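Structure below is model-v4.txt: compact mmCIF, C-alpha atoms.
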# COMPACT_ATOMS: atom_id res chain seq x y z
CA MET A 28 90.78 -129.56 -1.47
CA ARG A 29 88.35 -132.09 -2.92
CA VAL A 30 85.42 -129.76 -2.23
CA LEU A 31 87.22 -126.90 -4.01
CA LYS A 32 87.94 -129.18 -6.96
CA ASN A 33 84.28 -130.19 -7.07
CA ILE A 34 83.14 -126.57 -6.91
CA TRP A 35 85.50 -125.61 -9.72
CA SER A 36 84.15 -128.42 -11.92
CA GLN A 37 80.62 -126.99 -11.53
CA PHE A 38 81.65 -123.34 -11.65
CA HIS A 39 79.72 -122.68 -14.89
CA ARG A 40 76.51 -123.92 -13.23
CA PHE A 41 77.06 -121.71 -10.19
CA VAL A 42 77.61 -118.64 -12.39
CA LEU A 43 74.58 -119.46 -14.54
CA TRP A 44 72.40 -119.89 -11.46
CA ALA A 45 73.59 -116.56 -10.01
CA LEU A 46 72.72 -114.78 -13.28
CA LEU A 47 69.32 -116.47 -13.64
CA SER A 48 68.53 -115.84 -10.01
CA THR A 49 69.40 -112.15 -10.30
CA VAL A 50 67.24 -111.64 -13.41
CA LEU A 51 64.33 -113.64 -11.99
CA TRP A 52 64.17 -111.88 -8.61
CA ALA A 53 64.74 -108.45 -10.13
CA TRP A 54 61.71 -109.08 -12.35
CA ILE A 55 59.61 -110.47 -9.49
CA PHE A 56 60.44 -107.52 -7.24
CA MET A 57 59.67 -105.11 -10.07
CA GLN A 58 56.22 -106.72 -10.32
CA LEU A 59 55.80 -106.69 -6.53
CA THR A 60 56.66 -103.03 -6.17
CA ASP A 61 54.74 -101.82 -9.19
CA THR A 62 51.14 -101.63 -10.29
CA VAL A 63 49.09 -100.76 -13.39
CA PRO A 64 49.21 -97.15 -14.68
CA ALA A 65 45.59 -96.60 -13.62
CA LYS A 66 46.60 -97.19 -9.98
CA LYS A 67 49.78 -95.12 -9.87
CA VAL A 68 51.06 -91.64 -10.54
CA THR A 69 54.48 -91.54 -12.18
CA LEU A 70 56.81 -88.60 -12.10
CA TYR A 71 60.00 -88.27 -14.14
CA ILE A 72 62.65 -85.81 -13.02
CA GLN A 73 65.40 -84.45 -15.26
CA ALA A 74 67.81 -83.51 -12.52
CA GLU A 75 71.46 -84.13 -11.75
CA ASP A 76 70.62 -86.34 -8.80
CA CYS A 77 67.37 -87.56 -7.31
CA ARG A 78 66.53 -89.59 -4.19
CA SER A 79 63.63 -91.07 -6.03
CA GLN A 80 62.61 -93.74 -3.53
CA GLU A 81 62.46 -91.32 -0.61
CA LEU A 82 60.58 -88.79 -2.73
CA SER A 83 58.06 -91.48 -3.80
CA LEU A 84 57.46 -92.41 -0.17
CA LYS A 85 57.06 -88.76 0.84
CA LEU A 86 54.54 -88.10 -1.94
CA GLU A 87 52.66 -91.29 -1.07
CA GLU A 88 51.97 -89.95 2.42
CA ASN A 89 49.22 -87.70 1.00
CA LYS A 90 48.30 -89.62 -2.13
CA PRO A 91 44.70 -89.53 -3.37
CA GLU A 92 42.63 -92.61 -2.48
CA SER A 93 42.13 -93.55 -6.13
CA ILE A 94 45.79 -94.56 -6.53
CA LYS A 95 48.01 -97.15 -4.83
CA MET A 96 51.47 -95.80 -5.56
CA VAL A 97 53.50 -92.78 -6.46
CA LYS A 98 56.63 -93.52 -8.47
CA ALA A 99 59.35 -90.91 -8.93
CA HIS A 100 62.18 -91.68 -11.34
CA PRO A 101 65.15 -89.79 -12.73
CA PHE A 102 65.17 -89.53 -16.54
CA SER A 103 68.07 -92.02 -16.56
CA TYR A 104 65.61 -94.70 -15.37
CA ALA A 105 64.20 -94.74 -18.92
CA ILE A 106 67.63 -95.45 -20.40
CA PHE A 107 66.43 -98.58 -22.27
CA GLY A 108 63.62 -96.84 -24.11
CA ASN A 109 61.34 -93.86 -23.79
CA ALA A 110 58.09 -95.89 -23.52
CA ASP A 111 58.17 -95.55 -19.72
CA LEU A 112 59.02 -91.89 -19.99
CA LEU A 113 56.09 -91.22 -22.34
CA GLY A 114 53.81 -93.09 -19.93
CA ALA A 115 54.62 -90.74 -17.03
CA ASP A 116 51.93 -88.51 -15.55
CA PHE A 117 54.06 -85.46 -14.99
CA PHE A 118 57.58 -84.25 -15.52
CA VAL A 119 60.14 -81.96 -13.94
CA VAL A 120 62.23 -80.78 -16.89
CA ARG A 121 64.97 -78.31 -17.71
CA GLU A 122 64.00 -75.25 -19.71
CA SER A 123 66.37 -76.28 -22.51
CA GLU A 124 64.29 -79.44 -23.16
CA VAL A 125 60.85 -77.84 -22.97
CA GLU A 126 60.49 -76.84 -26.62
CA GLU A 127 61.37 -80.33 -27.88
CA MET A 128 58.98 -82.04 -25.46
CA LEU A 129 56.13 -79.54 -25.72
CA PRO A 130 53.87 -81.78 -27.90
CA SER A 131 53.87 -84.32 -25.01
CA PHE A 132 52.63 -81.76 -22.48
CA ALA A 133 48.99 -81.29 -21.59
CA PRO A 134 47.40 -77.85 -21.82
CA LEU A 135 46.06 -76.93 -18.39
CA ASP A 136 43.18 -75.08 -16.89
CA GLY A 137 44.65 -72.98 -14.10
CA GLU A 138 41.61 -73.56 -11.90
CA ASP A 139 42.04 -77.32 -11.79
CA TRP A 140 44.88 -77.27 -9.34
CA ASP A 141 46.63 -75.15 -6.78
CA TYR A 142 50.09 -74.13 -7.95
CA GLY A 143 50.42 -71.18 -5.60
CA GLN A 144 52.04 -68.05 -6.90
CA ARG A 145 54.33 -69.83 -9.33
CA GLU A 146 55.09 -68.38 -12.72
CA GLN A 147 53.20 -70.05 -15.57
CA TYR A 148 54.79 -71.47 -18.69
CA ARG A 149 52.73 -70.43 -21.70
CA ALA A 150 53.20 -71.21 -25.38
CA ASP A 151 50.97 -69.48 -27.94
CA GLY A 152 48.90 -68.22 -25.04
CA VAL A 153 48.20 -71.73 -23.73
CA PHE A 154 49.05 -72.59 -20.13
CA TYR A 155 51.20 -75.76 -20.02
CA GLY A 156 53.11 -75.76 -16.76
CA VAL A 157 54.71 -73.84 -13.93
CA LYS A 158 58.22 -72.72 -13.14
CA LEU A 159 59.78 -74.57 -10.22
CA CYS A 160 63.05 -72.73 -9.89
CA ASP A 161 65.70 -70.80 -11.73
CA GLY A 162 69.35 -70.09 -11.05
CA GLN A 163 68.46 -67.76 -8.18
CA SER A 164 65.61 -69.57 -6.43
CA ARG A 165 65.39 -72.90 -4.61
CA GLY A 166 63.06 -75.47 -6.15
CA PRO A 167 60.50 -77.55 -4.28
CA ALA A 168 61.50 -80.87 -2.73
CA SER A 169 65.15 -79.83 -2.90
CA GLU A 170 65.81 -82.27 -0.08
CA TYR A 171 65.13 -85.03 -2.62
CA ILE A 172 65.97 -83.39 -5.97
CA THR A 173 69.37 -81.89 -6.75
CA TYR A 174 68.55 -79.27 -9.38
CA ASP A 175 71.37 -78.41 -11.78
CA PRO A 176 72.80 -75.07 -10.66
CA GLY A 177 71.92 -72.19 -12.93
CA GLU A 178 69.16 -74.18 -14.71
CA THR A 179 65.53 -73.22 -14.83
CA TYR A 180 63.06 -76.05 -14.15
CA TYR A 181 59.40 -76.45 -15.06
CA LEU A 182 56.68 -78.88 -14.14
CA PHE A 183 54.47 -80.24 -16.94
CA PHE A 184 51.77 -82.90 -17.21
CA ASN A 185 51.69 -85.62 -19.81
CA VAL A 186 48.94 -85.08 -22.35
CA ASP A 187 48.19 -88.85 -22.23
CA SER A 188 47.98 -89.08 -18.44
CA PRO A 189 44.76 -90.70 -17.19
CA HIS A 190 45.14 -88.79 -13.92
CA LEU A 191 44.37 -85.23 -15.07
CA SER A 192 41.10 -83.29 -14.61
CA ALA A 193 39.31 -85.42 -17.19
CA GLY A 194 40.22 -88.48 -15.11
CA ASP A 195 40.57 -88.71 -11.34
CA GLY A 196 42.89 -85.69 -11.05
CA ALA A 197 45.37 -87.71 -8.99
CA ALA A 198 48.41 -86.40 -10.92
CA LEU A 199 47.32 -82.83 -10.14
CA ARG A 200 47.01 -83.67 -6.42
CA VAL A 201 50.44 -85.33 -6.32
CA ALA A 202 51.96 -82.36 -8.16
CA GLU A 203 50.41 -80.02 -5.59
CA ALA A 204 52.01 -82.13 -2.84
CA LEU A 205 55.38 -81.88 -4.62
CA LEU A 206 55.11 -78.09 -4.90
CA LYS A 207 54.48 -77.89 -1.16
CA LEU A 208 57.65 -79.85 -0.30
CA ASP A 209 60.06 -77.10 0.59
CA MET B 14 89.69 -172.69 -4.69
CA GLU B 15 90.48 -169.02 -4.32
CA THR B 16 87.89 -166.82 -2.59
CA ILE B 17 86.63 -163.88 -4.64
CA ARG B 18 85.65 -160.80 -2.72
CA ASN B 19 82.97 -158.97 -4.70
CA PHE B 20 82.81 -155.19 -4.46
CA TYR B 21 79.02 -155.21 -4.25
CA ARG B 22 76.70 -157.61 -2.46
CA PRO B 23 72.87 -157.52 -2.49
CA GLU B 24 72.89 -155.79 0.91
CA ASP B 25 75.16 -153.09 -0.53
CA LEU B 26 72.55 -152.44 -3.20
CA ILE B 27 69.93 -151.85 -0.49
CA ARG B 28 72.34 -149.52 1.30
CA LEU B 29 72.99 -147.59 -1.93
CA LYS B 30 69.25 -147.31 -2.65
CA THR B 31 68.71 -145.91 0.85
CA LYS B 32 71.59 -143.48 0.35
CA MET B 33 70.07 -142.32 -2.94
CA LYS B 34 66.68 -141.73 -1.31
CA ARG B 35 68.35 -139.83 1.53
CA GLU B 36 70.20 -137.64 -0.97
CA ARG B 37 66.98 -136.97 -2.89
CA VAL B 38 65.20 -135.92 0.31
CA ALA B 39 68.15 -133.68 1.24
CA VAL B 40 68.13 -131.95 -2.18
CA MET B 41 64.37 -131.45 -2.08
CA ALA B 42 64.51 -130.15 1.50
CA LEU B 43 67.28 -127.68 0.60
CA ALA B 44 65.33 -126.46 -2.44
CA GLY B 45 62.15 -126.20 -0.35
CA VAL B 46 63.84 -124.20 2.42
CA THR B 47 65.42 -121.87 -0.16
CA LEU B 48 62.09 -121.28 -1.90
CA ALA B 49 60.28 -120.81 1.42
CA LEU B 50 62.86 -118.20 2.50
CA CYS B 51 62.50 -116.32 -0.79
CA VAL B 52 58.69 -116.36 -0.55
CA LEU B 53 58.92 -115.14 3.06
CA PHE B 54 61.12 -112.20 1.99
CA CYS B 55 58.64 -111.40 -0.80
CA CYS B 56 55.76 -111.41 1.69
CA LEU B 57 57.65 -109.05 4.01
CA THR B 58 58.33 -106.58 1.20
CA THR B 59 56.96 -103.05 1.43
CA THR B 60 57.76 -99.98 -0.69
CA ARG B 61 60.12 -98.80 2.04
CA ASN B 62 62.18 -102.00 2.43
CA ALA B 63 61.91 -103.31 -1.17
CA LEU B 64 65.59 -102.95 -2.03
CA ARG B 65 66.76 -104.58 1.21
CA MET B 66 64.33 -107.47 0.78
CA GLU B 67 65.38 -107.95 -2.84
CA ILE B 68 69.03 -108.23 -1.75
CA HIS B 69 68.07 -110.72 1.02
CA THR B 70 66.08 -112.78 -1.46
CA LEU B 71 68.88 -112.73 -3.97
CA ILE B 72 71.46 -113.88 -1.40
CA ALA B 73 69.14 -116.67 -0.13
CA SER B 74 68.33 -117.76 -3.67
CA CYS B 75 71.97 -117.78 -4.82
CA LEU B 76 73.41 -119.58 -1.80
CA GLY B 77 70.50 -122.04 -1.58
CA GLY B 78 70.69 -122.72 -5.32
CA TRP B 79 74.45 -123.33 -5.14
CA LEU B 80 73.96 -125.79 -2.26
CA VAL B 81 71.22 -127.57 -4.21
CA ILE B 82 73.46 -127.81 -7.30
CA TYR B 83 76.39 -129.11 -5.25
CA ARG B 84 74.30 -131.66 -3.35
CA ARG B 85 72.50 -132.79 -6.51
CA VAL B 86 75.67 -133.30 -8.56
CA PHE B 87 77.98 -134.72 -5.89
CA GLY B 88 75.37 -136.34 -3.68
CA LEU B 89 72.28 -137.46 -5.52
CA GLN B 90 73.71 -138.06 -9.01
CA ALA B 91 76.84 -139.76 -7.66
CA ALA B 92 74.69 -142.03 -5.44
CA ARG B 93 72.37 -142.84 -8.36
CA ARG B 94 75.30 -143.77 -10.64
CA GLU B 95 76.82 -145.94 -7.95
CA GLU B 96 73.49 -147.67 -7.32
CA GLU B 97 72.88 -148.27 -11.04
CA HIS B 98 76.41 -149.60 -11.45
CA ALA B 99 76.07 -151.96 -8.48
CA ALA B 100 72.70 -153.22 -9.75
CA TYR B 101 74.21 -153.79 -13.21
CA LEU B 102 77.13 -155.78 -11.79
CA LEU B 103 74.89 -157.90 -9.58
CA GLU B 104 72.54 -158.66 -12.49
CA SER B 105 75.34 -159.54 -14.92
CA GLU B 106 76.86 -162.95 -15.34
CA GLN B 107 80.25 -163.27 -13.64
CA THR B 108 83.44 -164.75 -15.06
CA THR B 109 86.95 -164.83 -13.63
CA LEU B 110 90.34 -164.00 -15.07
CA ARG B 111 93.75 -164.56 -13.54
CA GLY B 112 96.91 -162.60 -14.20
CA LYS B 113 99.29 -159.92 -13.06
CA LEU B 114 97.41 -156.76 -12.15
CA GLN B 115 98.57 -153.29 -13.06
CA ILE B 116 96.56 -150.20 -12.13
CA THR B 117 97.06 -147.53 -14.81
CA LYS B 118 96.52 -143.79 -14.47
CA GLU B 119 94.11 -143.83 -17.42
CA ARG B 120 90.63 -142.60 -16.55
CA LEU B 121 87.42 -142.63 -18.52
CA ARG B 122 84.25 -140.69 -17.98
CA ILE B 123 81.08 -141.69 -19.75
CA LYS B 124 78.51 -138.89 -19.48
CA GLY B 125 75.86 -139.79 -16.93
CA SER B 126 77.81 -142.79 -15.66
CA ILE B 127 80.49 -143.61 -13.09
CA ARG B 128 84.15 -142.66 -13.40
CA ILE B 129 86.19 -145.53 -14.73
CA ARG B 130 89.83 -146.48 -14.19
CA ILE B 131 91.60 -148.75 -16.67
CA LEU B 132 93.46 -151.82 -15.34
CA LEU B 133 95.84 -154.11 -17.16
CA LEU B 134 95.71 -157.84 -16.42
CA ASP B 135 98.60 -159.78 -17.93
CA ASP B 136 98.00 -163.56 -18.05
CA GLY B 137 101.36 -164.21 -19.74
CA LYS B 138 99.88 -164.32 -23.24
CA GLU B 139 98.28 -160.91 -23.49
CA ALA B 140 97.62 -157.86 -21.36
CA ARG B 141 93.87 -157.24 -21.20
CA ARG B 142 92.47 -153.78 -20.60
CA LEU B 143 89.76 -153.94 -17.95
CA LYS B 144 87.44 -151.29 -16.55
CA VAL B 145 86.71 -150.73 -12.89
CA ASN B 146 84.65 -148.21 -10.94
CA GLU B 147 87.20 -145.61 -9.78
CA THR B 148 85.86 -145.71 -6.22
CA GLN B 149 87.02 -149.35 -6.00
CA VAL B 150 90.63 -148.62 -6.99
CA ARG B 151 91.56 -148.20 -3.33
CA ALA B 152 90.56 -151.84 -2.69
CA LEU B 153 92.76 -152.96 -5.59
CA ARG B 154 95.80 -150.88 -4.65
CA PRO B 155 97.42 -153.54 -2.36
CA TYR B 156 97.39 -155.99 -5.30
CA ASP B 157 99.05 -153.68 -7.83
CA GLY B 158 101.83 -155.67 -9.51
CA LYS B 159 100.69 -158.98 -7.97
CA THR B 160 99.04 -161.99 -9.54
CA VAL B 161 95.35 -162.00 -8.71
CA THR B 162 92.04 -163.44 -9.84
CA LEU B 163 89.52 -160.84 -10.93
CA SER B 164 85.81 -161.32 -11.12
CA LEU B 165 84.27 -159.68 -14.21
CA ALA B 166 80.63 -158.79 -14.71
CA GLY B 167 79.14 -156.90 -17.64
CA GLY B 168 82.59 -155.82 -18.85
CA TYR B 169 83.61 -154.36 -15.45
CA VAL B 170 85.79 -155.69 -12.65
CA ALA B 171 83.34 -156.78 -9.97
CA GLY B 172 85.62 -158.35 -7.39
CA ILE B 173 89.09 -159.57 -6.56
CA GLY B 174 90.68 -162.71 -5.26
CA GLY B 175 94.32 -162.75 -4.16
CA GLU B 176 96.43 -164.41 -1.53
CA ASP B 177 94.51 -162.61 1.22
CA ALA B 178 91.61 -161.06 -0.72
CA GLY B 179 89.02 -163.30 0.85
CA THR B 180 89.99 -162.63 4.44
Would you write out, as structure tokens, the structure that this file holds?
Amino acid sequence: MRVLKNIWSQFHRFVLWALLSTVLWAWIFMQLTDTVPAKKVTLYIQAEDCRSQELSLKLEENKPESIKMVKAHPFSYAIFGNADLLGADFFVVRESEVEEMLPSFAPLDGEDWDYGQREQYRADGVFYGVKLCDGQSRGPASEYITYDPGETYYLFFNVDSPHLSAGDGAALRVAEALLKLD
Amino acid sequence: METIRNFYRPEDLIRLKTKMKRERVAVMALAGVTLALCVLFCCLTTTRNALRMEIHTLIASCLGGWLVIYRRVFGLQAARREEEHAAYLLESEQTTLRGKLQITKERLRIKGSIRIRILLLDDGKEARRLKVNETQVRALRPYDGKTVTLSLAGGYVAGIGGEDAGT
């Protein structure tokens, strides 16, 4: 009884410690499990559901040597601001969003990477990305990504990515690995 | 002459100092173990087990932190206050007062100091309000309502002398 009374008298301290502890360790673990943009390839996926951690691990199995990590995130991960989203290396997006986001996408040279027989997305004759799936077909990595039924999805690269052909090309290699995940 | 039994003797002060040191070591050991556990979990973290390790770290940090808070407030700080109070009483000049003792339910708490209980000592002319360390109230309980001699030091009751207080 006395112990309970003592605990109750310090309840505010216990709650404060729990909150501080949560924020502190969340931040430390974010630092531990992350690295600088030059050492990672980041992928943002605009899908209904995404097993992002498993997908990251799968893509890391064949990652280029120049990078340390592959990070896959759903778009909802960037809920507190689009700075992270704009820092991604490539995107899986719905067709309905493509026009709005087009200025963020990098024009591609089809010979830089192997996208198989996939249909190209072109705007004003410029090659920007490839179609992943539509309402009838099954998209790549569907074990990890739940594509919205009836939606058409495309893959695009960020125009500001340091991992395109002008850089180390790591984003292109990771994208190739994603396209091969059936 | 009536024997006064003081609540604190010089050997009690040594005992309280030792208790305070023991409490300090216990708090530091608890904090050290908690931190070591958290660092261990961090070192064992890989991309695959990151979430599990974060949860383990969080649980260790929360529980360890709560134990440290509890032990610091109710162990170390309580021992330090008691030791400071005992040292203050032993250093202060002692006087005695005689009268009918009444233990009230009135409590005082000065931030950073001991808990105080208010006593009334009626010498037939006036009822004086006296302060005593609440942990000593148990020793005064048998004399509630009786005529006793109280030893005062630094404004606090430091000891008691009654019919059988010295035995």
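All protein and nucleic acid residues in the vicinity of (72.2, -82.2, -10.4), that is within 8 Å when counting all atoms listed in the file, are A:Ala74, A:Glu75, A:Asp76, A:Cys77, A:Ile172, A:Thr173, A:Tyr174, A:Asp175, A:Pro176.
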Same residues, C-alpha atoms, saved as a CSV table (one decimal), in the coordinates of the input:
chain,number,residue,atom,x,y,z
A,74,ALA,CA,67.8,-83.5,-12.5
A,75,GLU,CA,71.5,-84.1,-11.8
A,76,ASP,CA,70.6,-86.3,-8.8
A,77,CYS,CA,67.4,-87.6,-7.3
A,172,ILE,CA,66.0,-83.4,-6.0
A,173,THR,CA,69.4,-81.9,-6.8
A,174,TYR,CA,68.6,-79.3,-9.4
A,175,ASP,CA,71.4,-78.4,-11.8
A,176,PRO,CA,72.8,-75.1,-10.7
Leaving out segment 74-91 of chain B and any residue of its chain fewer than 5 positions from it, which residues lie within 8 Å of it when counting all atoms listed in the file, given as a list in words?
->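 Close residues of segment 74-91 of chain B: Asn33, Ile34, Gln37, Arg40, Phe41, Trp44, Ala45 and Ser48 of chain A; Met33, Glu36, Arg37, Ala39, Val40, Leu43, Ala44, Thr47, Leu48, Cys51 and Ile127 of chain B.
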For chain A, list the residues within 10 Å of chain B, counting only C-alpha atoms, and write the list as a PyMOL selection string.
-> chain A and resi 30+33-34+37-38+40-42+44-53+55-57+59-61+80-81+83-84+96
Rank A:Ser192, A:Asn89, A:Ser103, A:Asn185 by their smallest atom-to-atom distance to Ser131 of chain A, using all atoms listed in the file, and report the top residue only.
->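 Of all the options, A:Asn185 lies closest to Ser131 of chain A.
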Which residues come within 9 Å of segment 138-141 of chain A, counting only C-alpha atoms, excluding same-chain residues fewer than 5 positions away, as a list in words?
->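 My reading of the contact set: Leu191, Ser192, Gly196, Leu199, Arg200, Ala202 and Glu203 of chain A.
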Between atom CA of Leu134 of chain B and atom CA of Lys113 of chain B, what is the spacing in Å?
->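 According to the coordinates, atom CA of Lys113 of chain B and atom CA of Leu134 of chain B are separated by 5.3 Å.
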Coordinates-based distance that separates atom CA of Tyr104 of chain A from atom CA of Pro130 of chain A (Å, one decimal) =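 Separation between atom CA of Pro130 of chain A and atom CA of Tyr104 of chain A: 21.5 Å.
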Find the spatial neighbours of Gly137 of chain B, counting all atoms listed in the file, within a cut-off of 12 Å - ignore same-chain residues fewer than 4 positions away - and output them as a compact mmCIF listing (two decimals) with C-alpha atoms, in the frame of the given file.
# COMPACT_ATOMS: atom_id res chain seq x y z
CA LEU B 110 90.34 -164.00 -15.07
CA ARG B 111 93.75 -164.56 -13.54
CA GLY B 112 96.91 -162.60 -14.20
CA LYS B 113 99.29 -159.92 -13.06
CA LEU B 114 97.41 -156.76 -12.15
CA LEU B 133 95.84 -154.11 -17.16
CA ARG B 141 93.87 -157.24 -21.20
CA THR B 160 99.04 -161.99 -9.54
For atom CA of Asp111 of chain A and atom CA of Ile94 of chain A, quote the distance in Å rounded to one decimal.
->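 Atom CA of Ile94 of chain A lies at a distance of 18.1 Å from atom CA of Asp111 of chain A.
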Let me have the centre and edge lengths in Å, one decimal, of the box along x, y and z around every listed atom of segment 113-124 of chain B with 4 Å of margin on each side, as lines of an AutoDock Vina configuration file.
center_x = 88.9
center_y = -149.4
center_z = -15.9
size_x = 28.8
size_y = 29.0
size_z = 15.6
Name the residues, using the chain letters and numbers of the file, that sit within 10 Å of (88.4, -157.5, -9.2) when counting all atoms listed in the file, and give them as JSON, numbers by chain.
-> {"B": [17, 18, 19, 20, 109, 110, 111, 114, 132, 143, 144, 145, 149, 150, 152, 153, 156, 161, 162, 163, 164, 165, 166, 169, 170, 171, 172, 173, 174, 175, 178]}
Take the residues from that selection and put them in a file with C-alpha atoms, as a compact mmCIF listing (two decimals), in the coordinates of the input.
# COMPACT_ATOMS: atom_id res chain seq x y z
CA ILE B 17 86.63 -163.88 -4.64
CA ARG B 18 85.65 -160.80 -2.72
CA ASN B 19 82.97 -158.97 -4.70
CA PHE B 20 82.81 -155.19 -4.46
CA THR B 109 86.95 -164.83 -13.63
CA LEU B 110 90.34 -164.00 -15.07
CA ARG B 111 93.75 -164.56 -13.54
CA LEU B 114 97.41 -156.76 -12.15
CA LEU B 132 93.46 -151.82 -15.34
CA LEU B 143 89.76 -153.94 -17.95
CA LYS B 144 87.44 -151.29 -16.55
CA VAL B 145 86.71 -150.73 -12.89
CA GLN B 149 87.02 -149.35 -6.00
CA VAL B 150 90.63 -148.62 -6.99
CA ALA B 152 90.56 -151.84 -2.69
CA LEU B 153 92.76 -152.96 -5.59
CA TYR B 156 97.39 -155.99 -5.30
CA VAL B 161 95.35 -162.00 -8.71
CA THR B 162 92.04 -163.44 -9.84
CA LEU B 163 89.52 -160.84 -10.93
CA SER B 164 85.81 -161.32 -11.12
CA LEU B 165 84.27 -159.68 -14.21
CA ALA B 166 80.63 -158.79 -14.71
CA TYR B 169 83.61 -154.36 -15.45
CA VAL B 170 85.79 -155.69 -12.65
CA ALA B 171 83.34 -156.78 -9.97
CA GLY B 172 85.62 -158.35 -7.39
CA ILE B 173 89.09 -159.57 -6.56
CA GLY B 174 90.68 -162.71 -5.26
CA GLY B 175 94.32 -162.75 -4.16
CA ALA B 178 91.61 -161.06 -0.72
Quick one: residues within 12 Å of Val201 of chain A, all atoms listed in the file counted, chain neighbours fewer than 6 positions away excluded, as a PyMOL selection string?
-> chain A and resi 67-70+82-94+96-99+116-118+140-142+182+184+190-191+195+207-208
List the neighbours of Gly177 of chain A out to 7 Å using only C-alpha atoms; skip same-chain residues closer than 2 positions along the sequence, and give me the result as a PyMOL selection string.
-> chain A and resi 161-162+175+179
